[in-house]
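K.L.:
Just dropping this structure here.
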Amino acid sequence: CAPAAPVWRRAFSTFISGVRQATLVGLGTLLHTVVLSSMSAPLVSIILPIHNGDMWIDECLEALLCQTVLHAEASSADPAPPACRLELSAYDDGSSDGSWDSLQRWKPRLEAAGVAVVIGRSGGSQGGGCGFAKNRAVAQSSGTWLCFQDVDDLSRPKRIEAQLLAAAARPGALVGARVSREPEGSTARYVAWANEMSEEELLFHRFRECTLLMPTWFMARGTFVRGGGFREEKCEDLLFLHAHVARGGSLHRVG
C-alpha cells in the first residue's frame, strides 16, 4: 500500500487519497445519527463515476483496499481507525472500453475483502456527463457518508479515516483534502493554492474557483440530499459548493 499522505491525480497527476436538473430517485431521504463506534459501524459509500476509465480501474481499486478503516487495529504508535464499513458504488456512464468488464471482475475481490459493491451502467452509447454519473452512483448507494472518487485518482490509505473523523465532528460540512500531483511539481502554483488556503480563504476564494477539489469531497448523505444533488451541466461541482455555502454549510479540508 502507498504511504499515508493524501494525493490527487487527474490523468497526469495523483489523489488523497443539456442543462437539466437531476431526478434524484433513491438518493436516500433518511438522515442518520451516526456514532463512531464499533457498535454503529457507519457505512461509507465510495462514489465512483466512470467513463472509459478502464486503464485506471486496477490502480484505483487497489488503493481502496489499502484504506486503514479496513484494517482497524490499534498499534503502539497509533490509535485504531474509526470503525466503519465500506461500499463501492460505481456507475459506468456510457463507456466504450472495458470498464464494465473490469468492474465485474473486481466485484468478488472487493466483497471478499469486506467491501460491499453495487455497480450500475447507463446502457447508452454516450455518457450523460459528470453530474449525471455522480447522481446515479449516489442514488444506487446506501451509505450514511459519501466519499467521492475519480477513477484516475488514488486515495492514500488514511483518506477515509481522516475525512470520516472530520465530517463527524462538523455536522453538515463539505470536507475535502490536500492533494499532490504526478509528476511531482506539475501545476505547482495551482496545487499550492489548493493546499494552503485557510478555512476563511476556502470560503472567500470560491468566487475564483472550486476551493475544495471535487475528487476529494466527503460529506454526509443528508448534506448531499439537502443540496438536491448535482446539476447535470458544466461546473456541477462549483455550483453545488456555492449552493452549499449559501445554505450556511461549512467547508473544511484535511491532510
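Within each chain, counting starts at residue 1; across the C-alpha cells, chains are named A, B, ... in the order shown, with ligands numbered 1 upward in that order.
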Enumerate, in order of chain and increasing residue number, the residues of segment 197-241 of chain A with an atom no farther than 12 Å from segment 131-147 of chain A, each with its shortest atom pair and distance in Å to one decimal, counting only C-alpha atoms, as a Markdown table.
P.N.:
| residue | atom | partner | partner_atom | distance |
| --- | --- | --- | --- | --- |
| A:Met214 | CA | A:Cys147 | CA | 10.3 |
| A:Pro215 | CA | A:Cys147 | CA | 8.7 |
| A:Thr216 | CA | A:Cys147 | CA | 7.7 |
| A:Trp217 | CA | A:Cys147 | CA | 6.2 |
| A:Phe218 | CA | A:Cys147 | CA | 4.5 |
| A:Met219 | CA | A:Leu146 | CA | 5.4 |
| A:Ala220 | CA | A:Trp145 | CA | 4.4 |
| A:Arg221 | CA | A:Trp145 | CA | 5.3 |
| A:Gly222 | CA | A:Thr144 | CA | 7.9 |
| A:Thr223 | CA | A:Trp145 | CA | 9.3 |
| A:Phe224 | CA | A:Leu146 | CA | 8.4 |
| A:Val225 | CA | A:Val138 | CA | 9.8 |
| A:Gly227 | CA | A:Asn135 | CA | 11.6 |
| A:Gly228 | CA | A:Asn135 | CA | 9.6 |
| A:Gly229 | CA | A:Asn135 | CA | 6.3 |
| A:Phe230 | CA | A:Gly131 | CA | 5.3 |
| A:Arg231 | CA | A:Gly131 | CA | 6.1 |
| A:Glu232 | CA | A:Gly131 | CA | 4.6 |
| A:Glu233 | CA | A:Gly131 | CA | 6.7 |
| A:Lys234 | CA | A:Gly131 | CA | 8.1 |
| A:Cys235 | CA | A:Gly131 | CA | 8.7 |
| A:Glu236 | CA | A:Gly131 | CA | 6.0 |
| A:Asp237 | CA | A:Gly131 | CA | 8.0 |
| A:Leu238 | CA | A:Gly131 | CA | 11.2 |
| A:Leu239 | CA | A:Gly131 | CA | 10.6 |
| A:Phe240 | CA | A:Gly131 | CA | 10.1 |
K.L.:
For the residues in that selection, give me N, CA and C atoms as a PDB file, in the first residue's frame.
P.N.:
ATOM      1  N   MET A 214     -12.975  18.622  -6.336  1.00  0.00           N
ATOM      2  CA  MET A 214     -14.093  17.687  -6.317  1.00  0.00           C
ATOM      3  C   MET A 214     -13.709  16.238  -6.013  1.00  0.00           C
ATOM      4  N   PRO A 215     -12.645  15.683  -6.585  1.00  0.00           N
ATOM      5  CA  PRO A 215     -12.355  14.277  -6.289  1.00  0.00           C
ATOM      6  C   PRO A 215     -11.971  14.000  -4.845  1.00  0.00           C
ATOM      7  N   THR A 216     -11.867  15.064  -4.020  1.00  0.00           N
ATOM      8  CA  THR A 216     -11.539  14.857  -2.608  1.00  0.00           C
ATOM      9  C   THR A 216     -12.747  15.008  -1.692  1.00  0.00           C
ATOM     10  N   TRP A 217     -13.937  15.215  -2.232  1.00  0.00           N
ATOM     11  CA  TRP A 217     -15.093  15.530  -1.393  1.00  0.00           C
ATOM     12  C   TRP A 217     -15.558  14.346  -0.550  1.00  0.00           C
ATOM     13  N   PHE A 218     -16.014  14.693   0.655  1.00  0.00           N
ATOM     14  CA  PHE A 218     -16.578  13.724   1.600  1.00  0.00           C
ATOM     15  C   PHE A 218     -17.675  14.468   2.352  1.00  0.00           C
ATOM     16  N   MET A 219     -18.850  13.865   2.483  1.00  0.00           N
ATOM     17  CA  MET A 219     -19.949  14.534   3.184  1.00  0.00           C
ATOM     18  C   MET A 219     -20.971  13.516   3.657  1.00  0.00           C
ATOM     19  N   ALA A 220     -21.818  13.940   4.585  1.00  0.00           N
ATOM     20  CA  ALA A 220     -22.944  13.118   4.997  1.00  0.00           C
ATOM     21  C   ALA A 220     -23.968  13.053   3.863  1.00  0.00           C
ATOM     22  N   ARG A 221     -24.653  11.939   3.761  1.00  0.00           N
ATOM     23  CA  ARG A 221     -25.700  11.814   2.743  1.00  0.00           C
ATOM     24  C   ARG A 221     -26.733  12.930   2.895  1.00  0.00           C
ATOM     25  N   GLY A 222     -27.072  13.257   4.132  1.00  0.00           N
ATOM     26  CA  GLY A 222     -28.053  14.319   4.356  1.00  0.00           C
ATOM     27  C   GLY A 222     -27.628  15.638   3.748  1.00  0.00           C
ATOM     28  N   THR A 223     -26.325  15.931   3.781  1.00  0.00           N
ATOM     29  CA  THR A 223     -25.820  17.162   3.179  1.00  0.00           C
ATOM     30  C   THR A 223     -26.035  17.141   1.667  1.00  0.00           C
ATOM     31  N   PHE A 224     -25.786  16.008   1.057  1.00  0.00           N
ATOM     32  CA  PHE A 224     -25.989  15.868  -0.389  1.00  0.00           C
ATOM     33  C   PHE A 224     -27.468  15.991  -0.749  1.00  0.00           C
ATOM     34  N   VAL A 225     -28.314  15.340   0.031  1.00  0.00           N
ATOM     35  CA  VAL A 225     -29.750  15.380  -0.243  1.00  0.00           C
ATOM     36  C   VAL A 225     -30.294  16.799  -0.109  1.00  0.00           C
ATOM     37  N   GLY A 227     -28.798  19.425  -0.697  1.00  0.00           N
ATOM     38  CA  GLY A 227     -28.345  20.196  -1.851  1.00  0.00           C
ATOM     39  C   GLY A 227     -29.059  19.827  -3.135  1.00  0.00           C
ATOM     40  N   GLY A 228     -29.891  18.792  -3.104  1.00  0.00           N
ATOM     41  CA  GLY A 228     -30.612  18.388  -4.303  1.00  0.00           C
ATOM     42  C   GLY A 228     -29.772  17.655  -5.321  1.00  0.00           C
ATOM     43  N   GLY A 229     -28.586  17.205  -4.918  1.00  0.00           N
ATOM     44  CA  GLY A 229     -27.716  16.521  -5.861  1.00  0.00           C
ATOM     45  C   GLY A 229     -27.016  17.509  -6.781  1.00  0.00           C
ATOM     46  N   PHE A 230     -26.321  16.984  -7.783  1.00  0.00           N
ATOM     47  CA  PHE A 230     -25.594  17.817  -8.729  1.00  0.00           C
ATOM     48  C   PHE A 230     -26.495  18.248  -9.875  1.00  0.00           C
ATOM     49  N   ARG A 231     -26.347  19.495 -10.280  1.00  0.00           N
ATOM     50  CA  ARG A 231     -26.981  19.924 -11.512  1.00  0.00           C
ATOM     51  C   ARG A 231     -26.244  19.273 -12.672  1.00  0.00           C
ATOM     52  N   GLU A 232     -26.974  18.760 -13.624  1.00  0.00           N
ATOM     53  CA  GLU A 232     -26.369  17.971 -14.700  1.00  0.00           C
ATOM     54  C   GLU A 232     -25.984  18.881 -15.855  1.00  0.00           C
ATOM     55  N   GLU A 233     -24.990  19.699 -15.580  1.00  0.00           N
ATOM     56  CA  GLU A 233     -24.447  20.655 -16.534  1.00  0.00           C
ATOM     57  C   GLU A 233     -22.995  20.905 -16.173  1.00  0.00           C
ATOM     58  N   LYS A 234     -22.329  21.739 -16.944  1.00  0.00           N
ATOM     59  CA  LYS A 234     -20.926  22.037 -16.675  1.00  0.00           C
ATOM     60  C   LYS A 234     -20.772  22.731 -15.321  1.00  0.00           C
ATOM     61  N   CYS A 235     -19.608  22.523 -14.713  1.00  0.00           N
ATOM     62  CA  CYS A 235     -19.261  23.138 -13.415  1.00  0.00           C
ATOM     63  C   CYS A 235     -20.205  22.680 -12.299  1.00  0.00           C
ATOM     64  N   GLU A 236     -20.646  21.429 -12.359  1.00  0.00           N
ATOM     65  CA  GLU A 236     -21.590  20.926 -11.362  1.00  0.00           C
ATOM     66  C   GLU A 236     -21.013  20.957  -9.959  1.00  0.00           C
ATOM     67  N   ASP A 237     -19.679  20.794  -9.831  1.00  0.00           N
ATOM     68  CA  ASP A 237     -19.071  20.821  -8.506  1.00  0.00           C
ATOM     69  C   ASP A 237     -19.076  22.226  -7.917  1.00  0.00           C
ATOM     70  N   LEU A 238     -18.705  23.221  -8.714  1.00  0.00           N
ATOM     71  CA  LEU A 238     -18.700  24.601  -8.236  1.00  0.00           C
ATOM     72  C   LEU A 238     -20.113  25.071  -7.901  1.00  0.00           C
ATOM     73  N   LEU A 239     -21.089  24.699  -8.728  1.00  0.00           N
ATOM     74  CA  LEU A 239     -22.480  25.079  -8.467  1.00  0.00           C
ATOM     75  C   LEU A 239     -22.973  24.469  -7.157  1.00  0.00           C
ATOM     76  N   PHE A 240     -22.612  23.199  -6.905  1.00  0.00           N
ATOM     77  CA  PHE A 240     -23.011  22.545  -5.654  1.00  0.00           C
ATOM     78  C   PHE A 240     -22.352  23.243  -4.469  1.00  0.00           C
TER      79      PHE A 240
END
K.L.:
DSSP says alpha helix (DSSP H) for which residues of segment 47-204 of chain A? Put them as number ranges by chain?
P.N.:
A: 54-65, 99-112, 130-139, 159-169, 188-196, 199-204
K.L.:
Create the file for the chosen residues now, containing C-alpha atoms and written as a PDB file, in the first residue's frame.
P.N.:
ATOM      1  CA  ASP A  54     -10.570   1.000 -17.695  1.00  0.00           C
ATOM      2  CA  MET A  55      -6.868   1.883 -17.782  1.00  0.00           C
ATOM      3  CA  TRP A  56      -7.071   3.297 -14.233  1.00  0.00           C
ATOM      4  CA  ILE A  57      -9.533   0.929 -12.516  1.00  0.00           C
ATOM      5  CA  ASP A  58      -6.997  -1.564 -11.180  1.00  0.00           C
ATOM      6  CA  GLU A  59      -4.782   1.047  -9.534  1.00  0.00           C
ATOM      7  CA  CYS A  60      -7.758   2.997  -8.198  1.00  0.00           C
ATOM      8  CA  LEU A  61      -9.357  -0.036  -6.548  1.00  0.00           C
ATOM      9  CA  GLU A  62      -6.059  -1.408  -5.258  1.00  0.00           C
ATOM     10  CA  ALA A  63      -5.730   1.856  -3.334  1.00  0.00           C
ATOM     11  CA  LEU A  64      -9.231   1.368  -1.933  1.00  0.00           C
ATOM     12  CA  LEU A  65      -8.159  -1.960  -0.436  1.00  0.00           C
ATOM     13  CA  SER A  99     -14.664  -0.532 -17.802  1.00  0.00           C
ATOM     14  CA  TRP A 100     -17.807  -2.608 -17.226  1.00  0.00           C
ATOM     15  CA  ASP A 101     -15.956  -5.923 -17.504  1.00  0.00           C
ATOM     16  CA  SER A 102     -13.273  -4.691 -15.114  1.00  0.00           C
ATOM     17  CA  LEU A 103     -15.875  -3.672 -12.535  1.00  0.00           C
ATOM     18  CA  GLN A 104     -17.445  -7.131 -12.783  1.00  0.00           C
ATOM     19  CA  ARG A 105     -14.009  -8.703 -12.324  1.00  0.00           C
ATOM     20  CA  TRP A 106     -13.281  -6.599  -9.243  1.00  0.00           C
ATOM     21  CA  LYS A 107     -16.620  -7.155  -7.532  1.00  0.00           C
ATOM     22  CA  PRO A 108     -15.858 -10.556  -5.913  1.00  0.00           C
ATOM     23  CA  ARG A 109     -12.378  -9.463  -4.860  1.00  0.00           C
ATOM     24  CA  LEU A 110     -13.704  -6.390  -3.084  1.00  0.00           C
ATOM     25  CA  GLU A 111     -16.513  -8.340  -1.452  1.00  0.00           C
ATOM     26  CA  ALA A 112     -14.006 -10.895  -0.199  1.00  0.00           C
ATOM     27  CA  CYS A 130     -20.114  14.119 -14.626  1.00  0.00           C
ATOM     28  CA  GLY A 131     -23.164  15.342 -12.713  1.00  0.00           C
ATOM     29  CA  PHE A 132     -25.364  12.658 -14.270  1.00  0.00           C
ATOM     30  CA  ALA A 133     -22.988   9.813 -13.393  1.00  0.00           C
ATOM     31  CA  LYS A 134     -22.330  11.008  -9.838  1.00  0.00           C
ATOM     32  CA  ASN A 135     -26.035  11.436  -9.159  1.00  0.00           C
ATOM     33  CA  ARG A 136     -26.731   7.878 -10.338  1.00  0.00           C
ATOM     34  CA  ALA A 137     -23.867   6.470  -8.288  1.00  0.00           C
ATOM     35  CA  VAL A 138     -25.231   8.202  -5.191  1.00  0.00           C
ATOM     36  CA  ALA A 139     -28.778   7.040  -5.971  1.00  0.00           C
ATOM     37  CA  ARG A 159      -8.027   9.338   3.439  1.00  0.00           C
ATOM     38  CA  ILE A 160     -11.351   7.855   4.585  1.00  0.00           C
ATOM     39  CA  GLU A 161     -10.198   7.633   8.207  1.00  0.00           C
ATOM     40  CA  ALA A 162      -9.255  11.322   8.308  1.00  0.00           C
ATOM     41  CA  GLN A 163     -12.303  12.579   6.452  1.00  0.00           C
ATOM     42  CA  LEU A 164     -14.779  10.467   8.406  1.00  0.00           C
ATOM     43  CA  LEU A 165     -13.473  11.826  11.698  1.00  0.00           C
ATOM     44  CA  ALA A 166     -13.506  15.395  10.382  1.00  0.00           C
ATOM     45  CA  ALA A 167     -17.010  15.159   8.909  1.00  0.00           C
ATOM     46  CA  ALA A 168     -18.452  13.532  12.036  1.00  0.00           C
ATOM     47  CA  ALA A 169     -17.078  16.405  14.119  1.00  0.00           C
ATOM     48  CA  ALA A 188       2.860  23.721  -8.732  1.00  0.00           C
ATOM     49  CA  ARG A 189       1.195  27.126  -8.213  1.00  0.00           C
ATOM     50  CA  TYR A 190      -2.292  25.648  -8.513  1.00  0.00           C
ATOM     51  CA  VAL A 191      -1.536  22.824  -6.070  1.00  0.00           C
ATOM     52  CA  ALA A 192      -0.024  25.282  -3.575  1.00  0.00           C
ATOM     53  CA  TRP A 193      -3.148  27.454  -3.832  1.00  0.00           C
ATOM     54  CA  ALA A 194      -5.460  24.465  -3.331  1.00  0.00           C
ATOM     55  CA  ASN A 195      -3.484  23.071  -0.396  1.00  0.00           C
ATOM     56  CA  GLU A 196      -2.593  26.202   1.559  1.00  0.00           C
ATOM     57  CA  GLU A 199     -10.699  27.888   6.370  1.00  0.00           C
ATOM     58  CA  GLU A 200     -11.647  31.520   5.762  1.00  0.00           C
ATOM     59  CA  GLU A 201      -9.997  31.510   2.341  1.00  0.00           C
ATOM     60  CA  LEU A 202     -11.852  28.327   1.356  1.00  0.00           C
ATOM     61  CA  LEU A 203     -14.982  30.471   1.541  1.00  0.00           C
ATOM     62  CA  PHE A 204     -13.651  33.705   0.034  1.00  0.00           C
TER      63      PHE A 204
END
K.L.:
From a backbone DSSP assignment, name each residue in segment 96-212 of chain A labelled strand (DSSP E), as a list in words.
P.N.:
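Put together, the selection reads Val115, Ala116, Val117, Val118, Ile119, Gly120, Arg121, Trp145, Leu146, Cys147, Phe148, Leu174, Val175, Gly176 and Ala177 of chain A.
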K.L.:
Those same residues, written as a CSV table (one decimal), in the first residue's frame with all heavy atoms?
P.N.:
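Contents of result00.csv, as written:
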chain,number,residue,atom,x,y,z
A,115,VAL,N,-15.7,-5.3,1.4
A,115,VAL,CA,-16.3,-4.1,0.8
A,115,VAL,C,-17.5,-4.5,0.0
A,115,VAL,O,-17.5,-5.3,-0.9
A,115,VAL,CB,-15.3,-3.4,-0.2
A,115,VAL,CG1,-15.9,-2.2,-0.8
A,115,VAL,CG2,-14.0,-3.1,0.6
A,116,ALA,N,-18.7,-3.9,0.4
A,116,ALA,CA,-19.9,-4.1,-0.4
A,116,ALA,C,-19.7,-3.4,-1.7
A,116,ALA,O,-19.1,-2.4,-1.8
A,116,ALA,CB,-21.1,-3.6,0.4
A,117,VAL,N,-20.4,-4.0,-2.8
A,117,VAL,CA,-20.2,-3.4,-4.1
A,117,VAL,C,-21.6,-3.4,-4.8
A,117,VAL,O,-22.3,-4.3,-4.8
A,117,VAL,CB,-19.3,-4.3,-5.0
A,117,VAL,CG1,-19.2,-3.7,-6.4
A,117,VAL,CG2,-17.9,-4.4,-4.3
A,118,VAL,N,-21.9,-2.2,-5.3
A,118,VAL,CA,-23.0,-2.0,-6.2
A,118,VAL,C,-22.5,-1.3,-7.5
A,118,VAL,O,-21.8,-0.3,-7.4
A,118,VAL,CB,-24.2,-1.2,-5.5
A,118,VAL,CG1,-23.7,0.1,-5.0
A,118,VAL,CG2,-25.3,-1.1,-6.5
A,119,ILE,N,-22.8,-1.9,-8.6
A,119,ILE,CA,-22.4,-1.3,-9.9
A,119,ILE,C,-23.6,-1.1,-10.8
A,119,ILE,O,-24.6,-1.9,-10.8
A,119,ILE,CB,-21.3,-2.1,-10.6
A,119,ILE,CG1,-21.8,-3.5,-10.8
A,119,ILE,CG2,-20.0,-2.1,-9.8
A,119,ILE,CD1,-20.7,-4.4,-11.6
A,120,GLY,N,-23.6,0.0,-11.5
A,120,GLY,CA,-24.7,0.3,-12.5
A,120,GLY,C,-24.1,0.9,-13.7
A,120,GLY,O,-23.0,1.2,-13.8
A,121,ARG,N,-25.0,0.9,-14.7
A,121,ARG,CA,-24.5,1.5,-16.0
A,121,ARG,C,-25.7,2.2,-16.7
A,121,ARG,O,-26.8,1.8,-16.5
A,121,ARG,CB,-23.9,0.4,-16.9
A,121,ARG,CG,-24.9,-0.6,-17.4
A,121,ARG,CD,-24.2,-1.9,-18.0
A,121,ARG,NE,-23.3,-1.6,-19.0
A,121,ARG,CZ,-22.7,-2.6,-19.8
A,121,ARG,NH1,-23.1,-3.8,-19.6
A,121,ARG,NH2,-21.9,-2.2,-20.7
A,145,TRP,N,-22.5,8.1,4.8
A,145,TRP,CA,-21.4,9.0,4.3
A,145,TRP,C,-21.1,8.7,2.9
A,145,TRP,O,-21.1,7.6,2.4
A,145,TRP,CB,-20.2,8.9,5.2
A,145,TRP,CG,-20.4,9.1,6.7
A,145,TRP,CD1,-20.6,8.1,7.6
A,145,TRP,CD2,-20.5,10.3,7.3
A,145,TRP,NE1,-20.8,8.7,8.8
A,145,TRP,CE2,-20.7,10.1,8.7
A,145,TRP,CE3,-20.4,11.7,6.9
A,145,TRP,CZ2,-20.8,11.1,9.7
A,145,TRP,CZ3,-20.5,12.7,7.9
A,145,TRP,CH2,-20.7,12.4,9.2
A,146,LEU,N,-20.8,9.8,2.2
A,146,LEU,CA,-20.4,9.7,0.7
A,146,LEU,C,-19.0,10.2,0.5
A,146,LEU,O,-18.7,11.3,0.9
A,146,LEU,CB,-21.4,10.6,-0.1
A,146,LEU,CG,-22.9,10.3,0.1
A,146,LEU,CD1,-23.7,11.3,-0.8
A,146,LEU,CD2,-23.2,8.8,-0.3
A,147,CYS,N,-18.2,9.4,-0.1
A,147,CYS,CA,-16.8,9.7,-0.3
A,147,CYS,C,-16.6,9.7,-1.9
A,147,CYS,O,-16.7,8.6,-2.5
A,147,CYS,CB,-15.9,8.7,0.3
A,147,CYS,SG,-14.1,8.9,0.0
A,148,PHE,N,-16.4,10.8,-2.5
A,148,PHE,CA,-16.3,11.0,-3.9
A,148,PHE,C,-14.9,10.7,-4.4
A,148,PHE,O,-13.9,11.1,-3.8
A,148,PHE,CB,-16.8,12.3,-4.4
A,148,PHE,CG,-18.2,12.5,-4.2
A,148,PHE,CD1,-18.7,13.0,-3.0
A,148,PHE,CD2,-19.1,12.3,-5.2
A,148,PHE,CE1,-20.1,13.1,-2.7
A,148,PHE,CE2,-20.5,12.4,-5.0
A,148,PHE,CZ,-21.0,12.9,-3.8
A,174,LEU,N,-18.9,20.2,4.2
A,174,LEU,CA,-18.3,19.6,3.0
A,174,LEU,C,-16.8,19.5,3.2
A,174,LEU,O,-16.2,20.5,3.4
A,174,LEU,CB,-18.6,20.4,1.8
A,174,LEU,CG,-18.0,20.0,0.4
A,174,LEU,CD1,-18.4,18.6,0.1
A,174,LEU,CD2,-18.5,21.0,-0.7
A,175,VAL,N,-16.3,18.3,3.3
A,175,VAL,CA,-14.9,18.1,3.7
A,175,VAL,C,-14.1,17.6,2.5
A,175,VAL,O,-14.4,16.7,1.7
A,175,VAL,CB,-14.8,17.0,4.8
A,175,VAL,CG1,-13.3,16.7,5.1
A,175,VAL,CG2,-15.6,17.4,6.0
A,176,GLY,N,-13.0,18.4,2.2
A,176,GLY,CA,-12.1,18.0,1.1
A,176,GLY,C,-10.7,17.5,1.7
A,176,GLY,O,-10.6,17.2,2.9
A,177,ALA,N,-9.7,17.5,0.8
A,177,ALA,CA,-8.4,17.0,1.3
A,177,ALA,C,-7.3,17.7,0.5
A,177,ALA,O,-7.5,18.2,-0.6
A,177,ALA,CB,-8.3,15.5,1.1
K.L.:
Can you list, as a list in words, every protein, DNA or RNA residue that comes within 6 Å of Pro157 of chain A when you count only C-alpha atoms, leaving out same-chain residues fewer than 2 positions away?
P.N.:
Ala4, Cys66, Gln67, Thr68 and Arg159 of chain A
K.L.:
Using atom CA of Arg253 of chain A and atom CA of Arg85 of chain A as the two end points, give the distance in Å to one decimal.
P.N.:
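Taking atom CA of Arg253 of chain A as the start and atom CA of Arg85 of chain A as the end point, the length is 22.3 Å.
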